[in-house]
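Visitor: Input final_10.cif, format and content: mmCIF, C-alpha atoms.
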data_my_file
#
loop_
_atom_site.label_atom_id
_atom_site.label_comp_id
_atom_site.auth_asym_id
_atom_site.auth_seq_id
_atom_site.Cartn_x
_atom_site.Cartn_y
_atom_site.Cartn_z
CA MET A 1 -0.45 -28.44 -14.19
CA LYS A 2 -2.61 -25.91 -12.38
CA LEU A 3 -5.12 -25.36 -15.22
CA THR A 4 -6.63 -22.25 -13.61
CA SER A 5 -3.94 -19.85 -12.36
CA GLU A 6 -1.90 -20.40 -15.54
CA PHE A 7 -4.86 -19.07 -17.52
CA ARG A 8 -4.96 -15.89 -15.41
CA ASN A 9 -1.39 -14.76 -16.08
CA SER A 10 -1.22 -11.00 -16.61
CA LYS A 11 1.85 -11.05 -18.91
CA LEU A 12 0.18 -13.52 -21.24
CA ALA A 13 -3.01 -11.45 -21.09
CA GLY A 14 -0.93 -8.46 -22.20
CA GLY A 15 0.29 -10.38 -25.23
CA LEU A 16 -3.23 -11.35 -26.27
CA LEU A 17 -4.48 -7.80 -25.73
CA ASP A 18 -1.66 -6.40 -27.90
CA GLN A 19 -2.66 -8.83 -30.60
CA ILE A 20 -6.31 -7.77 -30.36
CA ARG A 21 -5.35 -4.05 -30.48
CA ARG A 22 -3.04 -4.58 -33.47
CA HIS A 23 -5.63 -6.40 -35.57
CA SER A 24 -8.94 -4.78 -34.65
CA ARG A 25 -10.01 -2.22 -37.27
CA ARG A 26 -13.75 -2.63 -37.76
CA HIS A 27 -16.21 -1.47 -35.12
CA VAL A 28 -17.84 -4.63 -33.85
CA ARG A 29 -20.26 -5.84 -31.23
CA LEU A 30 -19.54 -9.20 -29.62
CA MET A 31 -21.90 -11.11 -27.36
CA GLU A 32 -20.81 -13.37 -24.55
CA PHE A 33 -23.82 -15.70 -24.32
CA CYS A 34 -22.99 -17.30 -21.00
CA GLY A 35 -23.48 -15.76 -17.55
CA GLY A 36 -20.23 -17.36 -16.38
CA HIS A 37 -18.41 -15.50 -19.16
CA THR A 38 -20.12 -12.26 -18.14
CA VAL A 39 -18.68 -12.70 -14.65
CA THR A 40 -15.14 -13.28 -16.04
CA VAL A 41 -15.43 -10.29 -18.38
CA PHE A 42 -16.42 -7.99 -15.50
CA ARG A 43 -14.27 -9.47 -12.74
CA TYR A 44 -11.11 -9.03 -14.79
CA GLY A 45 -12.12 -5.66 -16.29
CA ILE A 46 -11.87 -7.04 -19.82
CA ARG A 47 -14.30 -4.54 -21.37
CA LYS A 48 -12.09 -1.65 -20.28
CA LEU A 49 -8.94 -3.29 -21.66
CA LEU A 50 -10.35 -3.75 -25.15
CA PRO A 51 -9.80 -1.18 -27.89
CA SER A 52 -12.68 1.23 -28.60
CA THR A 53 -13.47 -0.71 -31.78
CA ILE A 54 -14.84 -3.61 -29.74
CA SER A 55 -17.99 -3.42 -27.67
CA MET A 56 -19.40 -6.33 -25.73
CA VAL A 57 -22.93 -7.21 -24.79
CA SER A 58 -24.11 -9.90 -22.38
CA GLY A 59 -26.51 -12.59 -23.51
CA PRO A 60 -29.24 -14.76 -22.00
CA GLY A 61 -26.96 -17.58 -20.82
CA CYS A 62 -27.97 -17.61 -17.16
CA PRO A 63 -30.40 -20.52 -16.63
CA ILE A 64 -31.86 -19.03 -13.48
CA CYS A 65 -32.39 -15.60 -15.05
CA VAL A 66 -34.25 -17.01 -18.06
CA THR A 67 -36.60 -19.19 -16.00
CA ALA A 68 -40.03 -17.66 -16.53
CA ASN A 69 -42.10 -16.56 -13.57
CA ALA A 70 -44.82 -19.05 -14.53
CA ASP A 71 -42.26 -21.85 -14.02
CA LEU A 72 -40.88 -20.38 -10.79
CA ASP A 73 -44.47 -20.18 -9.50
CA LYS A 74 -44.87 -23.90 -10.26
CA ALA A 75 -41.76 -24.73 -8.20
CA ILE A 76 -43.01 -22.59 -5.31
CA ALA A 77 -46.51 -24.16 -5.52
CA LEU A 78 -44.93 -27.63 -5.43
CA ALA A 79 -43.03 -26.66 -2.27
CA HIS A 80 -46.35 -25.97 -0.54
CA ILE A 81 -47.83 -29.41 -1.31
CA PRO A 82 -47.85 -31.43 1.95
CA GLY A 83 -45.37 -34.31 1.99
CA VAL A 84 -43.12 -32.76 -0.68
CA ILE A 85 -39.45 -32.04 -0.11
CA ILE A 86 -38.01 -29.64 -2.70
CA THR A 87 -34.32 -30.08 -3.48
CA THR A 88 -32.57 -27.40 -5.47
CA PHE A 89 -29.25 -25.74 -6.22
CA GLY A 90 -28.70 -22.84 -3.84
CA ASP A 91 -28.85 -20.19 -6.56
CA MET A 92 -32.59 -20.80 -6.95
CA MET A 93 -33.58 -20.08 -3.35
CA LYS A 94 -33.87 -16.30 -3.56
CA ILE A 95 -35.18 -15.94 -7.11
CA PRO A 96 -38.55 -14.21 -6.89
CA GLY A 97 -41.55 -15.68 -8.67
CA SER A 98 -44.75 -13.67 -9.05
CA ASN A 99 -45.40 -13.29 -5.31
CA SER A 100 -42.84 -15.27 -3.38
CA SER A 101 -39.57 -17.21 -3.54
CA LEU A 102 -38.49 -20.69 -2.45
CA GLN A 103 -36.72 -19.08 0.50
CA GLU A 104 -39.96 -17.42 1.59
CA ALA A 105 -41.81 -20.71 1.10
CA LYS A 106 -39.24 -22.34 3.40
CA GLY A 107 -39.84 -19.58 5.96
CA GLU A 108 -43.55 -20.40 5.77
CA GLY A 109 -42.85 -24.03 6.66
CA ALA A 110 -42.24 -25.70 3.28
CA ASP A 111 -39.43 -28.29 3.24
CA VAL A 112 -36.94 -26.79 0.77
CA ARG A 113 -33.38 -28.09 0.85
CA MET A 114 -30.29 -26.85 -0.94
CA VAL A 115 -28.22 -29.54 -2.60
CA TYR A 116 -24.89 -29.49 -4.40
CA SER A 117 -25.72 -32.37 -6.74
CA THR A 118 -28.61 -34.56 -7.89
CA MET A 119 -26.80 -37.33 -5.98
CA ASP A 120 -27.63 -35.46 -2.74
CA ALA A 121 -31.28 -35.26 -3.82
CA LEU A 122 -31.31 -39.04 -4.39
CA ALA A 123 -29.85 -39.58 -0.92
CA ILE A 124 -32.62 -37.42 0.59
CA ALA A 125 -35.20 -39.50 -1.31
CA ALA A 126 -33.67 -42.72 0.05
CA GLU A 127 -33.71 -41.33 3.61
CA ASN A 128 -37.33 -40.15 3.38
CA PRO A 129 -39.35 -42.97 1.82
CA SER A 130 -42.68 -41.56 3.08
CA LYS A 131 -42.06 -38.17 1.38
CA SER A 132 -41.95 -37.15 -2.27
CA VAL A 133 -38.61 -35.59 -3.15
CA VAL A 134 -38.67 -33.20 -6.09
CA PHE A 135 -35.46 -31.95 -7.68
CA LEU A 136 -35.83 -28.66 -9.53
CA GLY A 137 -34.21 -29.29 -12.88
CA ILE A 138 -32.89 -25.87 -13.83
CA GLY A 139 -29.98 -25.55 -16.19
CA PHE A 140 -28.61 -25.94 -19.69
CA GLU A 141 -26.85 -28.82 -21.45
CA THR A 142 -24.08 -28.72 -18.81
CA THR A 143 -26.45 -29.65 -15.99
CA ALA A 144 -29.09 -31.66 -17.87
CA PRO A 145 -26.98 -34.88 -18.12
CA THR A 146 -26.54 -34.88 -14.33
CA VAL A 147 -30.34 -34.72 -14.00
CA ALA A 148 -30.79 -37.50 -16.58
CA ALA A 149 -28.22 -39.58 -14.68
CA SER A 150 -30.20 -39.11 -11.46
CA ILE A 151 -33.41 -40.43 -13.06
CA ILE A 152 -31.59 -43.53 -14.30
CA GLN A 153 -30.03 -43.97 -10.87
CA ALA A 154 -33.46 -43.61 -9.17
CA GLU A 155 -34.71 -46.36 -11.47
CA ASN A 156 -31.70 -48.57 -10.66
CA LEU A 157 -32.18 -48.02 -6.93
CA GLY A 158 -35.95 -48.55 -7.10
CA LEU A 159 -36.57 -45.06 -5.64
CA LYS A 160 -40.21 -44.38 -6.44
CA ASN A 161 -40.40 -41.14 -4.43
CA TYR A 162 -37.86 -39.20 -6.55
CA HIS A 163 -39.22 -36.74 -9.10
CA VAL A 164 -37.84 -34.00 -11.31
CA LEU A 165 -39.54 -30.76 -12.34
CA SER A 166 -37.76 -30.34 -15.65
CA LEU A 167 -37.28 -26.69 -16.54
CA LEU A 168 -34.08 -27.68 -18.38
CA LYS A 169 -33.22 -25.78 -21.53
CA VAL A 170 -30.87 -26.13 -24.48
CA CYS A 171 -29.02 -23.17 -25.93
CA PRO A 172 -28.79 -23.33 -29.75
CA PRO A 173 -32.55 -22.74 -30.39
CA VAL A 174 -32.63 -19.60 -28.26
CA ILE A 175 -29.67 -18.10 -30.13
CA HIS A 176 -31.63 -18.80 -33.30
CA ALA A 177 -34.63 -16.99 -31.80
CA LEU A 178 -32.53 -14.03 -30.65
CA LEU A 179 -30.84 -13.56 -34.02
CA ASP A 180 -34.12 -14.04 -35.93
CA SER A 181 -35.78 -11.34 -33.81
CA GLY A 182 -33.42 -8.82 -35.42
CA GLN A 183 -33.33 -6.86 -32.15
CA VAL A 184 -29.65 -7.44 -31.57
CA GLN A 185 -26.93 -7.04 -34.20
CA LEU A 186 -23.77 -9.02 -33.59
CA GLN A 187 -20.48 -9.47 -35.44
CA GLY A 188 -19.24 -12.26 -33.20
CA LEU A 189 -20.47 -14.70 -30.59
CA ILE A 190 -18.59 -16.18 -27.64
CA CYS A 191 -20.26 -19.57 -27.15
CA PRO A 192 -20.68 -21.21 -23.75
CA GLY A 193 -17.74 -23.41 -22.78
CA HIS A 194 -19.29 -25.98 -20.48
CA VAL A 195 -22.46 -26.33 -22.53
CA SER A 196 -20.10 -27.05 -25.44
CA ALA A 197 -18.18 -29.64 -23.38
CA VAL A 198 -21.41 -31.64 -23.64
CA THR A 199 -22.78 -30.59 -27.05
CA GLY A 200 -19.43 -30.23 -28.84
CA PHE A 201 -18.50 -27.02 -30.60
CA LEU A 202 -20.00 -28.16 -33.87
CA ALA A 203 -23.41 -27.40 -32.28
CA TRP A 204 -22.78 -23.72 -33.12
CA GLU A 205 -21.84 -24.21 -36.74
CA PHE A 206 -25.30 -23.14 -37.91
CA ILE A 207 -24.74 -19.61 -36.57
CA ALA A 208 -21.66 -19.11 -38.71
CA ARG A 209 -23.32 -20.73 -41.72
CA GLU A 210 -26.81 -19.20 -41.54
CA TYR A 211 -26.04 -15.79 -40.06
CA GLY A 212 -22.42 -15.27 -41.11
CA ILE A 213 -21.43 -14.64 -37.51
CA PRO A 214 -18.05 -15.99 -36.32
CA CYS A 215 -18.37 -18.22 -33.23
CA LEU A 216 -15.73 -18.97 -30.63
CA VAL A 217 -16.21 -21.41 -27.79
CA SER A 218 -14.41 -20.12 -24.73
CA GLY A 219 -13.35 -21.26 -21.28
CA PHE A 220 -13.91 -19.23 -18.16
CA GLU A 221 -10.49 -17.85 -17.31
CA PRO A 222 -9.49 -14.38 -18.55
CA LEU A 223 -6.94 -15.75 -21.05
CA ASP A 224 -9.64 -18.01 -22.50
CA ILE A 225 -11.92 -15.02 -23.11
CA LEU A 226 -9.07 -12.93 -24.56
CA GLN A 227 -8.09 -15.77 -26.88
CA ALA A 228 -11.72 -16.06 -28.03
CA ILE A 229 -11.88 -12.31 -28.72
CA ALA A 230 -8.52 -12.39 -30.56
CA CYS A 231 -9.77 -15.24 -32.76
CA LEU A 232 -13.10 -13.48 -33.39
CA VAL A 233 -11.26 -10.31 -34.42
CA ALA A 234 -9.03 -12.33 -36.76
CA GLN A 235 -12.08 -13.90 -38.45
CA ILE A 236 -13.96 -10.60 -38.66
CA GLU A 237 -11.00 -8.72 -40.19
CA LYS A 238 -10.53 -11.48 -42.76
CA GLY A 239 -14.26 -11.50 -43.55
CA GLU A 240 -14.62 -15.11 -42.45
CA ALA A 241 -17.29 -16.79 -40.31
CA HIS A 242 -16.76 -20.21 -38.83
CA VAL A 243 -16.74 -22.02 -35.50
CA GLU A 244 -13.54 -22.44 -33.53
CA SER A 245 -12.71 -23.50 -30.01
CA ALA A 246 -10.59 -21.37 -27.71
CA TYR A 247 -11.18 -24.03 -25.05
CA ARG A 248 -9.41 -26.99 -26.60
CA ARG A 249 -8.46 -28.54 -23.27
CA ALA A 250 -12.12 -29.23 -22.37
CA VAL A 251 -14.23 -29.15 -25.51
CA ARG A 252 -14.09 -31.73 -28.30
CA PRO A 253 -15.69 -31.03 -31.69
CA GLU A 254 -18.27 -33.77 -31.09
CA GLY A 255 -18.68 -33.12 -27.34
CA ASN A 256 -19.45 -35.75 -24.72
CA ILE A 257 -21.25 -38.58 -26.51
CA TRP A 258 -22.07 -40.42 -23.25
CA ALA A 259 -23.82 -37.36 -21.88
CA GLN A 260 -25.63 -36.75 -25.18
CA ASN A 261 -26.91 -40.35 -25.26
CA LEU A 262 -28.16 -40.10 -21.70
CA LEU A 263 -30.01 -36.89 -22.58
CA LYS A 264 -31.66 -38.59 -25.55
CA GLN A 265 -32.61 -41.60 -23.44
CA VAL A 266 -34.38 -39.61 -20.71
CA PHE A 267 -35.58 -36.42 -22.39
CA GLU A 268 -37.26 -35.34 -25.60
CA PRO A 269 -37.18 -31.85 -27.12
CA ALA A 270 -40.13 -29.62 -26.21
CA SER A 271 -41.04 -25.97 -26.37
CA ALA A 272 -39.74 -24.02 -23.36
CA ASN A 273 -40.72 -20.68 -21.97
CA TRP A 274 -37.83 -18.20 -21.66
CA ARG A 275 -38.22 -15.05 -19.61
CA ALA A 276 -38.89 -12.12 -21.95
CA ILE A 277 -38.13 -14.19 -25.01
CA GLY A 278 -41.23 -16.38 -24.76
CA ALA A 279 -41.85 -19.89 -26.02
CA VAL A 280 -38.94 -21.19 -28.09
CA PRO A 281 -39.63 -24.43 -29.99
CA ASP A 282 -37.40 -27.40 -29.11
CA SER A 283 -35.46 -25.39 -26.53
CA GLY A 284 -36.68 -27.43 -23.56
CA LEU A 285 -36.06 -30.95 -22.30
CA LYS A 286 -39.21 -32.86 -21.36
CA ILE A 287 -39.02 -36.17 -19.52
CA ARG A 288 -39.95 -39.02 -21.90
CA LYS A 289 -43.11 -40.97 -21.12
CA GLU A 290 -41.02 -44.08 -20.36
CA TYR A 291 -39.80 -42.16 -17.30
CA ALA A 292 -43.13 -40.42 -16.53
CA GLN A 293 -43.19 -41.74 -12.96
CA TYR A 294 -40.18 -39.48 -12.24
CA ASP A 295 -41.83 -36.44 -13.84
CA ALA A 296 -43.16 -34.01 -11.21
CA GLN A 297 -45.44 -32.45 -13.86
CA THR A 298 -47.21 -35.82 -14.25
CA LYS A 299 -47.09 -36.85 -10.62
CA PHE A 300 -48.54 -33.68 -9.07
CA GLU A 301 -51.42 -31.43 -9.91
CA ILE A 302 -49.67 -28.06 -9.78
CA LYS A 303 -52.03 -25.08 -9.57
CA THR A 304 -50.75 -21.57 -10.13
CA ALA A 305 -52.29 -18.16 -10.81
CA PRO A 306 -51.37 -16.25 -13.99
CA PRO A 307 -47.78 -14.98 -13.55
CA LEU A 308 -46.96 -11.37 -12.66
CA GLU A 309 -43.80 -9.50 -13.67
CA PRO A 310 -42.00 -7.05 -11.35
CA LYS A 311 -42.90 -3.45 -12.23
CA GLY A 312 -40.18 -1.42 -13.89
CA CYS A 313 -37.72 -4.35 -14.10
CA ARG A 314 -35.78 -4.50 -17.39
CA CYS A 315 -34.33 -7.99 -16.95
CA GLY A 316 -36.12 -9.14 -20.10
CA ASP A 317 -34.53 -6.49 -22.35
CA ILE A 318 -31.17 -7.08 -20.68
CA LEU A 319 -31.37 -10.84 -21.27
CA ARG A 320 -32.02 -10.22 -24.96
CA GLY A 321 -28.99 -7.93 -25.17
CA VAL A 322 -31.26 -5.01 -26.18
CA LYS A 323 -30.62 -2.92 -23.07
CA THR A 324 -27.91 -2.73 -20.42
CA PRO A 325 -28.46 -2.49 -16.65
CA ALA A 326 -27.66 1.23 -16.86
CA ASP A 327 -30.87 1.64 -18.89
CA CYS A 328 -32.98 0.23 -16.04
CA PRO A 329 -34.54 2.84 -13.71
CA LEU A 330 -34.37 0.41 -10.78
CA PHE A 331 -30.68 -0.55 -11.19
CA GLY A 332 -28.43 0.36 -8.28
CA ASN A 333 -31.04 2.14 -6.20
CA VAL A 334 -34.26 0.13 -5.81
CA CYS A 335 -32.60 -3.00 -7.20
CA ALA A 336 -29.29 -4.11 -5.67
CA PRO A 337 -27.99 -7.51 -4.53
CA GLN A 338 -29.41 -6.97 -1.01
CA SER A 339 -32.83 -5.89 -2.31
CA ALA A 340 -32.99 -7.48 -5.74
CA VAL A 341 -36.12 -7.02 -7.82
CA GLY A 342 -35.29 -9.11 -10.88
CA PRO A 343 -33.46 -12.41 -11.40
CA CYS A 344 -30.53 -10.78 -13.25
CA MET A 345 -29.64 -9.06 -9.95
CA VAL A 346 -30.39 -12.05 -7.71
CA SER A 347 -28.33 -14.62 -9.62
CA SER A 348 -24.58 -14.45 -9.06
CA GLU A 349 -24.19 -14.89 -12.83
CA GLY A 350 -26.85 -12.36 -13.75
CA THR A 351 -25.78 -9.41 -15.90
CA CYS A 352 -27.12 -6.84 -13.40
CA HIS A 353 -25.27 -8.54 -10.55
CA ALA A 354 -21.99 -8.45 -12.49
CA TYR A 355 -22.52 -4.78 -13.43
CA TYR A 356 -23.32 -3.92 -9.84
CA LEU A 357 -20.28 -5.69 -8.38
CA TYR A 358 -17.64 -4.90 -11.00
CA GLY A 359 -18.99 -2.36 -13.44
CA ASP A 360 -18.99 1.40 -13.34
CA PRO A 361 -21.93 3.69 -14.10
CA SER A 362 -20.41 4.84 -17.40
CA ASP A 363 -20.67 1.32 -18.87
CA MET B 1 -24.60 -21.93 -13.07
CA CYS B 2 -22.63 -23.88 -15.67
CA LEU B 3 -19.60 -23.49 -13.42
CA ALA B 4 -17.24 -26.45 -13.66
CA ILE B 5 -13.80 -26.78 -12.11
CA PRO B 6 -10.80 -29.02 -12.77
CA ALA B 7 -10.55 -32.00 -10.43
CA LEU B 8 -7.72 -34.56 -10.30
CA ILE B 9 -8.80 -38.20 -10.10
CA LYS B 10 -6.95 -40.03 -7.31
CA SER B 11 -8.79 -43.37 -7.26
CA ILE B 12 -11.73 -45.01 -8.98
CA ALA B 13 -14.28 -47.47 -7.58
CA GLY B 14 -16.99 -48.48 -10.06
CA GLN B 15 -18.66 -45.36 -11.44
CA GLU B 16 -17.36 -43.17 -8.64
CA ALA B 17 -14.00 -41.59 -7.99
CA GLU B 18 -12.14 -39.85 -5.23
CA ALA B 19 -11.01 -36.54 -6.71
CA GLU B 20 -8.89 -33.67 -5.46
CA ILE B 21 -10.03 -30.10 -5.98
CA GLY B 22 -7.62 -27.46 -4.71
CA GLY B 23 -6.34 -29.76 -1.96
CA ILE B 24 -9.80 -30.93 -0.92
CA SER B 25 -10.87 -34.50 -1.56
CA ARG B 26 -14.39 -35.39 -2.62
CA ARG B 27 -16.34 -38.27 -4.11
CA ILE B 28 -17.55 -37.60 -7.63
CA SER B 29 -19.50 -39.50 -10.28
CA LEU B 30 -17.82 -40.70 -13.47
CA VAL B 31 -21.07 -41.88 -15.03
CA LEU B 32 -20.74 -39.22 -17.76
CA THR B 33 -17.00 -39.80 -18.35
CA PRO B 34 -16.42 -43.56 -18.13
CA GLU B 35 -13.14 -43.08 -20.04
CA ALA B 36 -11.57 -41.12 -17.15
CA GLN B 37 -8.49 -42.73 -15.54
CA VAL B 38 -6.57 -42.18 -12.32
CA GLY B 39 -4.27 -39.19 -12.88
CA ASP B 40 -6.66 -37.50 -15.31
CA TYR B 41 -8.09 -34.07 -14.71
CA VAL B 42 -11.81 -33.83 -15.28
CA LEU B 43 -14.21 -30.89 -15.37
CA LEU B 44 -16.41 -31.24 -12.31
CA HIS B 45 -19.96 -29.87 -12.41
CA ALA B 46 -22.53 -30.47 -9.65
CA GLY B 47 -20.80 -33.64 -8.47
CA TYR B 48 -20.33 -35.17 -11.92
CA ALA B 49 -17.30 -35.16 -14.21
CA ILE B 50 -18.68 -33.79 -17.50
CA SER B 51 -15.48 -33.90 -19.56
CA THR B 52 -11.90 -35.09 -19.29
CA ILE B 53 -9.33 -32.35 -19.61
CA ASP B 54 -6.74 -32.72 -22.35
CA GLN B 55 -3.57 -31.63 -20.54
CA ALA B 56 -1.49 -31.73 -23.72
CA ALA B 57 -3.94 -29.31 -25.37
CA ALA B 58 -3.74 -27.03 -22.31
CA GLY B 59 0.07 -27.04 -22.58
CA GLU B 60 -0.03 -26.25 -26.30
CA THR B 61 -2.45 -23.37 -25.72
CA LEU B 62 -0.17 -21.87 -23.04
CA LYS B 63 2.84 -22.29 -25.36
CA ILE B 64 1.02 -20.29 -28.05
CA PHE B 65 0.17 -17.59 -25.49
CA ARG B 66 3.85 -17.38 -24.48
CA GLU B 67 4.88 -17.02 -28.12
CA ILE B 68 2.29 -14.28 -28.66
CA ALA B 69 3.55 -12.47 -25.55
CA GLY B 70 7.17 -12.90 -26.75
CA ILE B 71 8.13 -14.85 -23.65
CA ALA B 72 10.81 -17.52 -24.05
CA GLU B 73 10.23 -21.23 -23.48
CA GLY B 74 10.86 -22.45 -19.96
CA TRP B 75 9.44 -19.27 -18.46
CA GLU B 76 7.04 -19.84 -15.60
#
I'd like the structure from this file rewritten - as structure tokens, please.
Guide:
Amino acid sequence: MKLTSEFRNSKLAGGLLDQIRRHSRRHVRLMEFCGGHTVTVFRYGIRKLLPSTISMVSGPGCPICVTANADLDKAIALAHIPGVIITTFGDMMKIPGSNSSLQEAKGEGADVRMVYSTMDALAIAAENPSKSVVFLGIGFETTAPTVAASIIQAENLGLKNYHVLSLLKVCPPVIHALLDSGQVQLQGLICPGHVSAVTGFLAWEFIAREYGIPCLVSGFEPLDILQAIACLVAQIEKGEAHVESAYRRAVRPEGNIWAQNLLKQVFEPASANWRAIGAVPDSGLKIRKEYAQYDAQTKFEIKTAPPLEPKGCRCGDILRGVKTPADCPLFGNVCAPQSAVGPCMVSSEGTCHAYYLYGDPSD
Amino acid sequence: MCLAIPALIKSIAGQEAEAEIGGISRRISLVLTPEAQVGDYVLLHAGYAISTIDQAAAGETLKIFREIAGIAEGWE
């Protein structure tokens, strides 16, 4: 079984699209929460294939894009502390903070290393016992268990020079915050597939129950997205609102219990700062005091100036689904992948990046 | 960033496995999916398997898609 190409088949996509066109009557607005879904929607031209009754809006599900400048500034300040090696996923390197980026810090002599996994960061810590190795914990529930696992592994290996700057976030509270703000009206939500592989799809039940919005967990291939849209349309036309999975092969109702237990063991819920959305209670993962020696926030005194936001950048409104990149005066001229101003253009899963690569100006 | 790809488990040693991803072999961690067995597909994210893939469910989903598209069984 190929598991990817089979879910990109154009004939099967045609069948799902016919079904969507046959059933869609009401004019609806659907949000794909996850940046990975945004990329699939644009790469395969899904918006243009949908009937005019369905419009889609991108959500804040790009962990890099929603990292606040104040937090990025902390990471960059840490990089400049002598004896510190920063380890991070590559996507973080170019994201601008208030005045600089990790890449620029590296150019100025800071030791910043790209890693593929927290296991690589642990190996760097083992190889450099006289240095402090800090892993930048950026990500949602998909990534957080791999960070938790690394802290347990550091403990098992007796690695005292491994630390994590936890900027990890969880998704359900921010959807709550978005919907409560009343700024975005939705008739359906496509829920993040790999976050749900960890949380289980029942994590989204509250959206259907409290807001009456149908929720579909989706995978990342075009047929997954089309199936999710077809199921959303079916619920909407019947006047129903519940949670379903269009990603049965990877997501169980209860999720990954091992990963959830590891998260509970290492982290506790805390308020987190989301770019343009602000502080959202219980949307962050703070390292528990039992593991404080691995917490970079405890270990280092991190000094930063008050954060600055890039002038004219509309990333914040775009992340909240209130505006589209076409509404931003910088989009496509001042701000492009080669000269990105805001994180939504820098990140490969940012909405502006997807619009720039695959969209057209009329979108 | 939450990108995860299917990987086929070829062998297991403790909490680690040798897995094949599109013809390339790499060592991955099974610490989050201790139930994974040789021959299973897992979803690989940042070096860790985060979920086992239910191949029967994948087959059923594709069967439904073929029915929706009006394509007969056995078509590939």
Visitor: Counting all atoms listed in the file, which residues of stretch 138-163 of chain A sit at most 9 Å from some atom of stretch 38-60 of chain B, and what is each one's closest atom pair with its distance in Å to one decimal, listed by chain and rising residue number, as CSV?
Guide:
residue,atom,partner,partner_atom,distance
A:Thr142,CA,B:Ile50,CA,7.5
A:Thr143,CA,B:His45,CA,7.4
A:Pro145,CA,B:Ile50,CA,8.4
A:Thr146,CA,B:Tyr48,CA,6.7
Visitor: Between atom CA of A:Asp73 and atom CA of A:Ile124, what is the distance, to one decimal in Å?
Guide: 23.2 Å
Visitor: Using only C-alpha atoms, can you tell me which of B:Ala36, B:Ile9, B:Leu3, B:Ala69 comes closest to A:Thr40?
Guide: B:Leu3
Visitor: Choose the residue, out of A:Ala246, A:Leu102, A:Val184, A:Cys171, that has the smallest atom-to-atom separation from chain B; count only C-alpha atoms.
Guide: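 So, comparing all the options, the nearest one is A:Ala246.
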Visitor: Point out the residue among A:Ala326, A:Val251, A:Ile86, A:Ala105 with the least atom-to-atom distance to chain B, counting all atoms listed in the file.
Guide: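 The closest residue to chain B is A:Val251.
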Visitor: Considering all atoms listed in the file, give me a table of residues in chain A that are at most 6 Å from chain B, with the closest atom pair and distance in Å for each, as CSV.
Guide:
residue,atom,partner,partner_atom,distance
A:Leu12,CA,B:Ala69,CA,5.6
A:Gly15,CA,B:Ala69,CA,3.9
A:Tyr116,CA,B:Ala46,CA,5.8
A:Ser117,CA,B:Ala46,CA,4.7
A:Thr142,CA,B:Cys2,CA,5.9
A:Arg249,CA,B:Asp54,CA,4.6
A:Ala250,CA,B:Ile53,CA,5.0
A:Trp258,CA,B:Leu32,CA,5.8
A:Ala259,CA,B:Leu32,CA,5.5
Visitor: Name the residues in contact with A:Glu254 at a cut-off of 7 Å, using only C-alpha atoms, excluding same-chain residues fewer than 2 positions from it; report them as a ChimeraX atom specification.
Guide: /A:199-202,252,256
Visitor: Show me, as a list of chain:residue names, the residues that have an atom within 6 Å of stretch 48-53 of chain A when counting all atoms listed in the file, minus same-chain residues fewer than 3 positions from it.
Guide: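 Contacts, with the query itself left out: A:Arg21, A:His27, A:Gly45.
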Visitor: Write out as a list in words each polymer residue whose atoms come within 10 Å of A:Thr4, counting only C-alpha atoms; drop sequence neighbours fewer than 2 positions from it.
Guide: Met1, Lys2, Glu6, Phe7, Arg8, Asn9, Phe220, Glu221, Pro222 and Leu223 of chain A; Ile5 and Pro6 of chain B
Visitor: I need the chosen residues saved as a JSON list (two decimals), in the coordinates of the input, with C-alpha atoms.
Guide:
[["chain", "number", "residue", "atom", "x", "y", "z"],
["A", 1, "MET", "CA", -0.45, -28.44, -14.19],
["A", 2, "LYS", "CA", -2.61, -25.91, -12.38],
["A", 6, "GLU", "CA", -1.90, -20.40, -15.54],
["A", 7, "PHE", "CA", -4.86, -19.07, -17.52],
["A", 8, "ARG", "CA", -4.96, -15.89, -15.41],
["A", 9, "ASN", "CA", -1.39, -14.76, -16.08],
["A", 220, "PHE", "CA", -13.91, -19.23, -18.16],
["A", 221, "GLU", "CA", -10.49, -17.85, -17.31],
["A", 222, "PRO", "CA", -9.49, -14.38, -18.55],
["A", 223, "LEU", "CA", -6.94, -15.75, -21.05],
["B", 5, "ILE", "CA", -13.80, -26.78, -12.11],
["B", 6, "PRO", "CA", -10.80, -29.02, -12.77]]
Visitor: Which residues fall under the PyMOL selection byres ((chain B and resi 26) around 10) in this file, as a count of residues only?
Guide: 14
Visitor: Output the residue selection produced by the PyMOL selection byres ((chain A and resi 104) around 12) on the file above, formatted as a list of chain:residue names.
Guide: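 Expected selection for the PyMOL selection byres ((chain A and resi 104) around 12) here is A:Ile76, A:Ala77, A:Ala79, A:His80, A:Met92, A:Met93, A:Lys94, A:Ile95, A:Pro96, A:Gly97, A:Asn99, A:Ser100, A:Ser101, A:Leu102, A:Gln103, A:Ala105, A:Lys106, A:Gly107, A:Glu108, A:Gly109, A:Ala110, A:Asp111, A:Val112.
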Visitor: What is the distance, in Å and to one decimal place, between atom CA of A:Ala125 and atom CA of A:Asn161?
Guide: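 Atom CA of A:Asn161 lies at a distance of 6.3 Å from atom CA of A:Ala125.
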